[in-house]
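Participant: Structure supplied as run34.txt; contents: compact mmCIF, C-alpha atoms.
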# COMPACT_ATOMS: atom_id res chain seq x y z
CA MET A 1 -9.30 -6.68 -23.38
CA LEU A 2 -6.46 -5.22 -21.36
CA PRO A 3 -3.12 -7.04 -21.40
CA LEU A 4 -1.24 -7.85 -18.21
CA ALA A 5 1.21 -5.11 -19.19
CA ALA A 6 -1.28 -2.38 -18.26
CA TYR A 7 -1.56 -3.55 -14.65
CA LEU A 8 2.17 -4.26 -14.28
CA SER A 9 3.13 -0.81 -15.58
CA LEU A 10 0.64 0.91 -13.29
CA SER A 11 1.97 -0.95 -10.26
CA ALA A 12 5.60 -0.20 -11.23
CA LEU A 13 4.80 3.53 -11.36
CA LEU A 14 2.85 3.41 -8.09
CA PHE A 15 5.72 1.57 -6.38
CA SER A 16 8.23 4.20 -7.55
CA LEU A 17 6.04 7.04 -6.29
CA GLY A 18 5.81 5.31 -2.91
CA LEU A 19 9.59 4.78 -2.89
CA TYR A 20 10.12 8.50 -3.52
CA GLY A 21 7.75 9.33 -0.66
CA ALA A 22 9.51 6.96 1.73
CA LEU A 23 12.99 8.21 0.81
CA ALA A 24 12.46 11.95 0.45
CA ARG A 25 9.93 12.99 3.09
CA LYS A 26 11.03 14.36 6.44
CA ASN A 27 7.93 13.63 8.46
CA ALA A 28 7.87 10.09 9.88
CA ILE A 29 4.14 9.71 9.18
CA ALA A 30 4.68 10.73 5.55
CA ILE A 31 7.32 8.00 5.28
CA LEU A 32 4.73 5.46 6.45
CA LEU A 33 2.31 6.84 3.82
CA GLY A 34 4.95 6.09 1.17
CA VAL A 35 5.34 2.54 2.48
CA GLU A 36 1.56 2.07 2.19
CA LEU A 37 1.69 3.12 -1.48
CA MET A 38 4.43 0.54 -2.11
CA LEU A 39 2.44 -2.24 -0.41
CA ASN A 40 -0.58 -1.40 -2.56
CA ALA A 41 1.53 -1.57 -5.72
CA VAL A 42 2.71 -5.03 -4.69
CA ASN A 43 -0.88 -6.11 -4.08
CA ILE A 44 -1.99 -4.95 -7.54
CA ASN A 45 0.85 -7.05 -8.96
CA LEU A 46 -0.14 -10.15 -6.98
CA VAL A 47 -3.82 -9.95 -7.92
CA SER A 48 -3.15 -9.26 -11.60
CA PHE A 49 -0.73 -12.20 -11.84
CA TRP A 50 -3.41 -14.36 -10.23
CA ARG A 51 -6.04 -13.16 -12.74
CA TYR A 52 -3.83 -13.62 -15.81
CA GLY A 53 -2.48 -16.99 -14.68
CA ASN A 54 -4.35 -20.10 -13.62
CA THR A 55 -7.34 -18.70 -11.72
CA ALA A 56 -8.03 -22.05 -10.05
CA LEU A 57 -4.86 -21.60 -7.96
CA MET A 58 -5.62 -19.10 -5.22
CA ALA A 59 -2.08 -18.39 -3.97
CA GLY A 60 -2.04 -14.88 -5.47
CA GLN A 61 -5.17 -13.70 -3.69
CA VAL A 62 -4.22 -15.42 -0.41
CA PHE A 63 -0.82 -13.74 -0.52
CA ALA A 64 -2.57 -10.39 -1.09
CA ILE A 65 -4.71 -11.00 2.02
CA ILE A 66 -1.59 -11.72 4.07
CA VAL A 67 -0.05 -8.50 2.75
CA PHE A 68 -3.17 -6.72 4.03
CA ALA A 69 -2.60 -8.18 7.50
CA VAL A 70 1.09 -7.28 7.48
CA ALA A 71 0.30 -3.74 6.31
CA ALA A 72 -2.25 -3.27 9.09
CA SER A 73 0.21 -4.47 11.76
CA GLU A 74 3.02 -2.38 10.31
CA VAL A 75 0.91 0.78 10.42
CA ALA A 76 -0.35 0.08 13.96
CA VAL A 77 3.14 -0.46 15.38
CA GLY A 78 4.71 2.30 13.27
CA LEU A 79 2.18 4.93 14.28
CA ALA A 80 2.43 3.88 17.94
CA LEU A 81 6.21 4.37 17.72
CA VAL A 82 5.76 7.76 16.07
CA ILE A 83 3.32 8.91 18.77
CA ASN A 84 5.66 7.65 21.51
CA ILE A 85 8.62 9.50 19.99
CA TYR A 86 6.51 12.64 19.60
CA ARG A 87 5.58 12.52 23.29
CA ARG A 88 9.22 12.29 24.34
CA ARG A 89 10.84 14.68 21.88
CA SER A 90 7.99 16.84 20.49
CA SER A 91 9.30 16.10 17.01
CA ILE A 92 8.54 13.59 14.29
CA ASN A 93 11.20 14.84 11.93
CA ALA A 94 12.92 11.64 10.79
CA ASP A 95 16.23 13.52 10.38
CA GLU A 96 16.32 14.24 14.10
CA ILE A 97 15.44 10.75 15.32
CA ASP A 98 18.95 9.35 15.23
CA LEU A 99 19.57 8.22 18.83
CA MET A 100 18.39 4.97 20.38
CA LYS A 101 18.60 6.40 23.90
CA TRP A 102 19.55 9.77 25.30
CA MET B 1 -12.04 1.76 -26.66
CA THR B 2 -14.17 -0.63 -24.72
CA ALA B 3 -15.81 0.30 -21.43
CA GLU B 4 -13.26 -1.85 -19.59
CA GLN B 5 -10.35 0.12 -21.03
CA ILE B 6 -12.00 3.45 -20.26
CA ILE B 7 -12.56 2.40 -16.64
CA PHE B 8 -8.98 1.16 -16.34
CA TYR B 9 -7.40 4.34 -17.70
CA LEU B 10 -9.59 6.60 -15.56
CA THR B 11 -8.74 4.54 -12.46
CA ALA B 12 -5.04 4.48 -13.31
CA ALA B 13 -5.02 8.27 -13.71
CA LEU B 14 -6.85 8.64 -10.37
CA ILE B 15 -4.36 6.33 -8.62
CA LEU B 16 -1.23 7.96 -10.02
CA VAL B 17 -2.39 11.56 -9.52
CA SER B 18 -3.48 10.91 -5.94
CA ALA B 19 -0.27 8.98 -5.18
CA LEU B 20 1.72 11.94 -6.49
CA MET B 21 -0.29 14.24 -4.23
CA VAL B 22 0.33 11.89 -1.26
CA VAL B 23 4.10 12.21 -1.63
CA THR B 24 4.19 15.94 -2.44
CA THR B 25 1.45 17.62 -0.38
CA ARG B 26 2.65 19.78 2.50
CA ASN B 27 -0.37 19.32 4.73
CA LEU B 28 -0.33 15.75 6.05
CA ILE B 29 -4.10 15.65 6.60
CA HIS B 30 -4.50 16.32 2.89
CA ALA B 31 -1.87 13.68 2.12
CA ALA B 32 -3.85 11.13 4.17
CA LEU B 33 -7.05 12.07 2.32
CA TRP B 34 -5.26 11.66 -1.02
CA LEU B 35 -4.17 8.24 0.24
CA VAL B 36 -7.87 7.39 0.69
CA SER B 37 -8.42 8.33 -2.96
CA THR B 38 -5.50 6.15 -4.08
CA LEU B 39 -6.77 3.20 -2.03
CA PHE B 40 -10.23 3.59 -3.49
CA GLY B 41 -8.75 3.48 -6.99
CA VAL B 42 -6.93 0.27 -6.10
CA ALA B 43 -10.23 -1.20 -4.83
CA VAL B 44 -11.78 -0.40 -8.23
CA LEU B 45 -8.86 -2.23 -9.89
CA TYR B 46 -9.48 -5.30 -7.72
CA ALA B 47 -13.13 -5.25 -8.79
CA THR B 48 -12.13 -5.13 -12.47
CA LEU B 49 -9.74 -8.04 -11.83
CA ASP B 50 -12.64 -10.22 -10.52
CA ALA B 51 -11.23 -10.15 -6.97
CA SER B 52 -14.46 -8.98 -5.34
CA PHE B 53 -13.51 -10.06 -1.82
CA LEU B 54 -10.24 -8.14 -1.98
CA ALA B 55 -12.08 -5.05 -3.26
CA VAL B 56 -14.35 -5.12 -0.19
CA VAL B 57 -11.43 -5.82 2.17
CA GLN B 58 -9.54 -2.91 0.61
CA VAL B 59 -12.39 -0.53 1.40
CA VAL B 60 -13.06 -1.89 4.89
CA VAL B 61 -9.51 -2.47 6.13
CA TYR B 62 -7.43 0.05 4.21
CA ILE B 63 -9.82 2.98 3.93
CA GLY B 64 -11.87 2.23 7.02
CA ALA B 65 -9.04 1.41 9.40
CA ILE B 66 -5.57 2.23 8.13
CA ALA B 67 -6.29 5.61 6.54
CA ILE B 68 -8.32 6.70 9.57
CA MET B 69 -5.46 5.62 11.84
CA PHE B 70 -3.13 7.84 9.78
CA ILE B 71 -5.48 10.79 10.21
CA PHE B 72 -5.59 10.21 13.98
CA ALA B 73 -1.78 10.03 14.17
CA VAL B 74 -1.43 13.23 12.14
CA MET B 75 -3.82 15.02 14.47
CA LEU B 76 -2.01 13.76 17.58
CA THR B 77 1.34 15.05 16.27
CA ARG B 78 0.04 18.22 14.72
CA ARG B 79 2.30 20.85 16.29
CA ASP B 80 5.32 19.53 14.48
CA LEU B 81 3.88 20.35 11.07
CA LEU B 82 5.28 23.82 10.51
CA ASP B 83 4.15 24.81 7.07
CA LYS B 84 7.22 26.93 6.36
CA VAL B 85 9.77 24.14 6.82
CA PRO B 86 10.55 22.20 3.63
CA GLN B 87 8.86 18.81 3.75
CA THR B 88 11.65 16.92 2.01
CA ASN B 89 15.10 16.14 3.35
CA THR B 90 18.25 17.50 1.77
CA SER B 91 18.92 14.43 -0.36
CA TRP B 92 15.55 14.46 -2.13
CA PRO B 93 17.11 14.71 -5.65
CA TRP B 94 18.86 11.41 -4.98
CA ALA B 95 15.56 9.93 -3.82
CA ALA B 96 13.86 11.17 -7.01
CA ALA B 97 16.68 9.73 -9.14
CA ALA B 98 16.52 6.40 -7.32
CA SER B 99 12.76 6.13 -7.79
CA ALA B 100 12.98 7.10 -11.46
CA LEU B 101 15.65 4.43 -11.89
CA MET B 102 13.42 1.95 -10.02
CA ALA B 103 10.47 2.76 -12.31
CA GLY B 104 12.61 2.28 -15.40
CA GLY B 105 14.10 -0.95 -14.08
CA LEU B 106 10.73 -2.40 -13.09
CA LEU B 107 9.15 -1.51 -16.45
CA PHE B 108 12.12 -3.04 -18.29
CA ALA B 109 12.09 -6.19 -16.14
CA GLY B 110 8.34 -6.51 -16.68
CA SER B 111 8.63 -6.11 -20.45
CA GLN B 112 11.11 -9.03 -20.51
CA LEU B 113 8.44 -11.36 -19.07
CA ASN B 114 6.85 -13.83 -21.46
CA ALA B 115 3.44 -13.11 -19.95
CA PHE B 116 3.80 -9.32 -20.30
CA GLY B 117 1.34 -8.93 -23.17
CA ALA B 118 -0.83 -11.89 -22.12
CA ALA B 119 -4.59 -11.63 -22.59
CA ARG B 120 -6.93 -12.45 -19.72
CA PRO B 121 -8.06 -16.09 -19.55
CA ALA B 122 -11.64 -16.98 -18.63
CA LEU B 123 -12.35 -17.46 -14.94
CA SER B 124 -12.32 -21.14 -13.97
CA GLY B 125 -15.19 -21.67 -11.57
CA ASP B 126 -16.41 -19.33 -8.84
CA ALA B 127 -13.36 -17.31 -7.76
CA LEU B 128 -14.94 -16.17 -4.49
CA GLN B 129 -15.80 -19.72 -3.46
CA GLY B 130 -12.33 -20.89 -4.49
CA LEU B 131 -10.75 -18.23 -2.30
CA SER B 132 -12.88 -19.05 0.72
CA LEU B 133 -12.12 -22.76 0.36
CA ALA B 134 -8.40 -22.05 -0.03
CA LEU B 135 -8.42 -19.98 3.17
CA VAL B 136 -10.00 -22.64 5.40
CA SER B 137 -9.06 -26.01 3.94
CA ALA B 138 -6.15 -27.90 5.46
CA ASP B 139 -4.54 -28.60 2.07
CA GLY B 140 -5.00 -24.93 1.22
CA PHE B 141 -3.69 -21.95 3.14
CA VAL B 142 -5.21 -22.34 6.60
CA LEU B 143 -1.85 -22.26 8.39
CA PRO B 144 -0.52 -19.01 6.84
CA PHE B 145 -3.95 -17.47 7.40
CA GLU B 146 -3.90 -18.32 11.12
CA VAL B 147 -0.31 -17.12 11.42
CA ALA B 148 -1.42 -13.80 9.91
CA SER B 149 -4.13 -13.49 12.56
CA ILE B 150 -1.58 -14.13 15.33
CA LEU B 151 0.67 -11.49 13.75
CA LEU B 152 -2.22 -9.01 13.86
CA LEU B 153 -2.90 -9.82 17.53
CA ALA B 154 0.79 -9.43 18.45
CA ALA B 155 0.99 -6.14 16.54
CA MET B 156 -2.12 -4.86 18.31
CA VAL B 157 -0.73 -5.72 21.75
CA GLY B 158 2.60 -4.13 20.81
CA ALA B 159 0.93 -0.97 19.51
CA VAL B 160 -1.15 -0.59 22.68
CA TYR B 161 1.94 -1.09 24.83
CA LEU B 162 4.00 1.43 22.84
CA ALA B 163 1.35 4.14 22.74
CA TYR B 164 0.25 3.68 26.36
CA LYS B 165 0.90 6.76 28.48
CA LYS B 166 3.02 5.73 31.47
Please render this file's structure as structure tokens.
Facilitator:
Amino acid sequence: MLPLAAYLSLSALLFSLGLYGALARKNAIAILLGVELMLNAVNINLVSFWRYGNTALMAGQVFAIIVFAVAASEVAVGLALVINIYRRRSSINADEIDLMKW
Amino acid sequence: MTAEQIIFYLTAALILVSALMVVTTRNLIHAALWLVSTLFGVAVLYATLDASFLAVVQVVVYIGAIAIMFIFAVMLTRRDLLDKVPQTNTSWPWAAAASALMAGGLLFAGSQLNAFGAARPALSGDALQGLSLALVSADGFVLPFEVASILLLAAMVGAVYLAYKK
């Protein structure tokens, strides 16, 4: 049987990879990809804590479902913003998007 | 090694390798396809953790909707992806250091937990039925669940408004 440690370590590594992607990439869409990796790491954590705790209490899985909903809305709004910025400036380089209005 | 351990280690290797490719690949279409592979690995993990509903939702929502939306967005903003430009910003060593520090900190914080080496208890009752009851019963989580659906609706309206060509 696998201990909880296996799942926690995997999700810690996945979260750090996503953090690197979100911090280091230039392309705004690649930053959102990094955020998705982090959200998935959090979900692995939630579900494994549910499975290794009292499985009659469903809070862990319900929280994971709400994270799904938040991730879907975040991606929809984020990608719409990216497409809007691309239409106006022909660039999705996050280093260049530093003005609210011009 | 039992079959369960073999499946876990294969899945973990798939997840970590594809996540590494997601954050390092130049071509964003390839990065989005590696994201699909990562998400599929996570769905396998949910199945091994007896969360069958979440495994299905992961495939349908994440792979079927979110990853495809990424691919659409990459294709709509394609001209910006000049392959010669470096894909990381100038402070990427700091980002790498911060994430390495984060990994170390998380692993250390996890190893301090009492439950860190805990073995898996037996499932109490039907987990799928328990989840469905928790999502719709008034003394369960019906209110947060409905709030999540309103959030999705608001996000959809906002996304349509933002991406609408005026």
Participant: Tell me as an NGL selection string which residues belonging to chain B come within 6 Å of chain A, counting all atoms listed in the file.
Facilitator: :B and (23 or 80 or 87-89 or 92 or 95-96 or 99 or 103 or 106 or 116-120 or 124 or 131 or 152 or 155 or 159 or 162-163)
Participant: Just the number, please: distance in Å from atom CA of B:Leu76 to atom CA of B:Leu33, one decimal.
Facilitator: 16.2 Å
Participant: How many Å separate atom CA of A:Arg88 from atom CA of B:Tyr164?
Facilitator: 12.6 Å
Participant: Measure the distance from atom CA of B:Ile7 to atom CA of B:Leu45 in Å and round it to one decimal.
Facilitator: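 Distance between the two atoms: 9.0 Å.
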Participant: Measuring between all atoms listed in the file, which one of B:Met21, B:Leu107, B:Ala115, B:Thr11 shows the shortest distance to B:Tyr46?
Facilitator: B:Thr11
Participant: Please return the centre and edge lengths, in Å to one decimal, of a box with edges along x, y and z that contains all listed atoms of stretch 75-94 of chain A, widened by 5 Å on every side, as JSON.
Facilitator:
{"center_x": 6.3, "center_y": 8.2, "center_z": 17.4, "size_x": 23.3, "size_y": 27.3, "size_z": 23.9}
Participant: Generate N, CA and C atoms for stretch 123-146 of chain B and emit them as an mmCIF file, in the frame of the given file.
Facilitator:
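Saved as rebuild09.cif:
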data_model
loop_
_atom_site.group_PDB
_atom_site.id
_atom_site.type_symbol
_atom_site.label_atom_id
_atom_site.label_comp_id
_atom_site.auth_asym_id
_atom_site.auth_seq_id
_atom_site.Cartn_x
_atom_site.Cartn_y
_atom_site.Cartn_z
ATOM 1 N N LEU B 123 -12.379 -17.003 -16.322
ATOM 2 C CA LEU B 123 -12.350 -17.460 -14.940
ATOM 3 C C LEU B 123 -12.714 -18.940 -14.895
ATOM 4 N N SER B 124 -11.959 -19.732 -14.102
ATOM 5 C CA SER B 124 -12.320 -21.140 -13.970
ATOM 6 C C SER B 124 -13.087 -21.310 -12.667
ATOM 7 N N GLY B 125 -14.374 -21.472 -12.760
ATOM 8 C CA GLY B 125 -15.190 -21.670 -11.570
ATOM 9 C C GLY B 125 -15.467 -20.364 -10.847
ATOM 10 N N ASP B 126 -16.053 -20.487 -9.659
ATOM 11 C CA ASP B 126 -16.410 -19.330 -8.840
ATOM 12 C C ASP B 126 -15.175 -18.901 -8.057
ATOM 13 N N ALA B 127 -14.609 -17.734 -8.394
ATOM 14 C CA ALA B 127 -13.360 -17.310 -7.760
ATOM 15 C C ALA B 127 -13.543 -17.050 -6.275
ATOM 16 N N LEU B 128 -14.713 -16.492 -5.905
ATOM 17 C CA LEU B 128 -14.940 -16.170 -4.490
ATOM 18 C C LEU B 128 -14.995 -17.443 -3.651
ATOM 19 N N GLN B 129 -15.714 -18.450 -4.186
ATOM 20 C CA GLN B 129 -15.800 -19.720 -3.460
ATOM 21 C C GLN B 129 -14.430 -20.385 -3.382
ATOM 22 N N GLY B 130 -13.675 -20.312 -4.491
ATOM 23 C CA GLY B 130 -12.330 -20.890 -4.490
ATOM 24 C C GLY B 130 -11.459 -20.246 -3.425
ATOM 25 N N LEU B 131 -11.572 -18.926 -3.302
ATOM 26 C CA LEU B 131 -10.750 -18.230 -2.300
ATOM 27 C C LEU B 131 -11.145 -18.644 -0.896
ATOM 28 N N SER B 132 -12.468 -18.714 -0.639
ATOM 29 C CA SER B 132 -12.880 -19.050 0.720
ATOM 30 C C SER B 132 -12.478 -20.477 1.062
ATOM 31 N N LEU B 133 -12.563 -21.389 0.089
ATOM 32 C CA LEU B 133 -12.120 -22.760 0.360
ATOM 33 C C LEU B 133 -10.622 -22.812 0.606
ATOM 34 N N ALA B 134 -9.853 -22.036 -0.198
ATOM 35 C CA ALA B 134 -8.400 -22.050 -0.030
ATOM 36 C C ALA B 134 -8.002 -21.524 1.336
ATOM 37 N N LEU B 135 -8.793 -20.577 1.887
ATOM 38 C CA LEU B 135 -8.420 -19.980 3.170
ATOM 39 C C LEU B 135 -8.710 -20.878 4.356
ATOM 40 N N VAL B 136 -9.652 -21.833 4.227
ATOM 41 C CA VAL B 136 -10.000 -22.640 5.400
ATOM 42 C C VAL B 136 -9.645 -24.104 5.262
ATOM 43 N N SER B 137 -9.305 -24.584 4.057
ATOM 44 C CA SER B 137 -9.060 -26.010 3.940
ATOM 45 C C SER B 137 -7.628 -26.337 4.329
ATOM 46 N N ALA B 138 -7.446 -27.543 4.907
ATOM 47 C CA ALA B 138 -6.150 -27.900 5.460
ATOM 48 C C ALA B 138 -5.107 -28.078 4.356
ATOM 49 N N ASP B 139 -5.517 -28.507 3.142
ATOM 50 C CA ASP B 139 -4.540 -28.600 2.070
ATOM 51 C C ASP B 139 -4.450 -27.289 1.294
ATOM 52 N N GLY B 140 -5.097 -26.252 1.811
ATOM 53 C CA GLY B 140 -5.000 -24.930 1.220
ATOM 54 C C GLY B 140 -4.051 -24.055 2.031
ATOM 55 N N PHE B 141 -4.576 -22.899 2.483
ATOM 56 C CA PHE B 141 -3.690 -21.950 3.140
ATOM 57 C C PHE B 141 -4.154 -21.639 4.563
ATOM 58 N N VAL B 142 -4.672 -22.651 5.270
ATOM 59 C CA VAL B 142 -5.210 -22.340 6.600
ATOM 60 C C VAL B 142 -4.102 -21.955 7.568
ATOM 61 N N LEU B 143 -2.926 -22.571 7.444
ATOM 62 C CA LEU B 143 -1.850 -22.260 8.390
ATOM 63 C C LEU B 143 -1.327 -20.840 8.210
ATOM 64 N N PRO B 144 -0.948 -20.408 6.992
ATOM 65 C CA PRO B 144 -0.520 -19.010 6.840
ATOM 66 C C PRO B 144 -1.599 -18.013 7.266
ATOM 67 N N PHE B 145 -2.852 -18.374 7.044
ATOM 68 C CA PHE B 145 -3.950 -17.470 7.400
ATOM 69 C C PHE B 145 -4.021 -17.294 8.918
ATOM 70 N N GLU B 146 -3.878 -18.421 9.661
ATOM 71 C CA GLU B 146 -3.900 -18.320 11.120
ATOM 72 C C GLU B 146 -2.672 -17.577 11.642
#
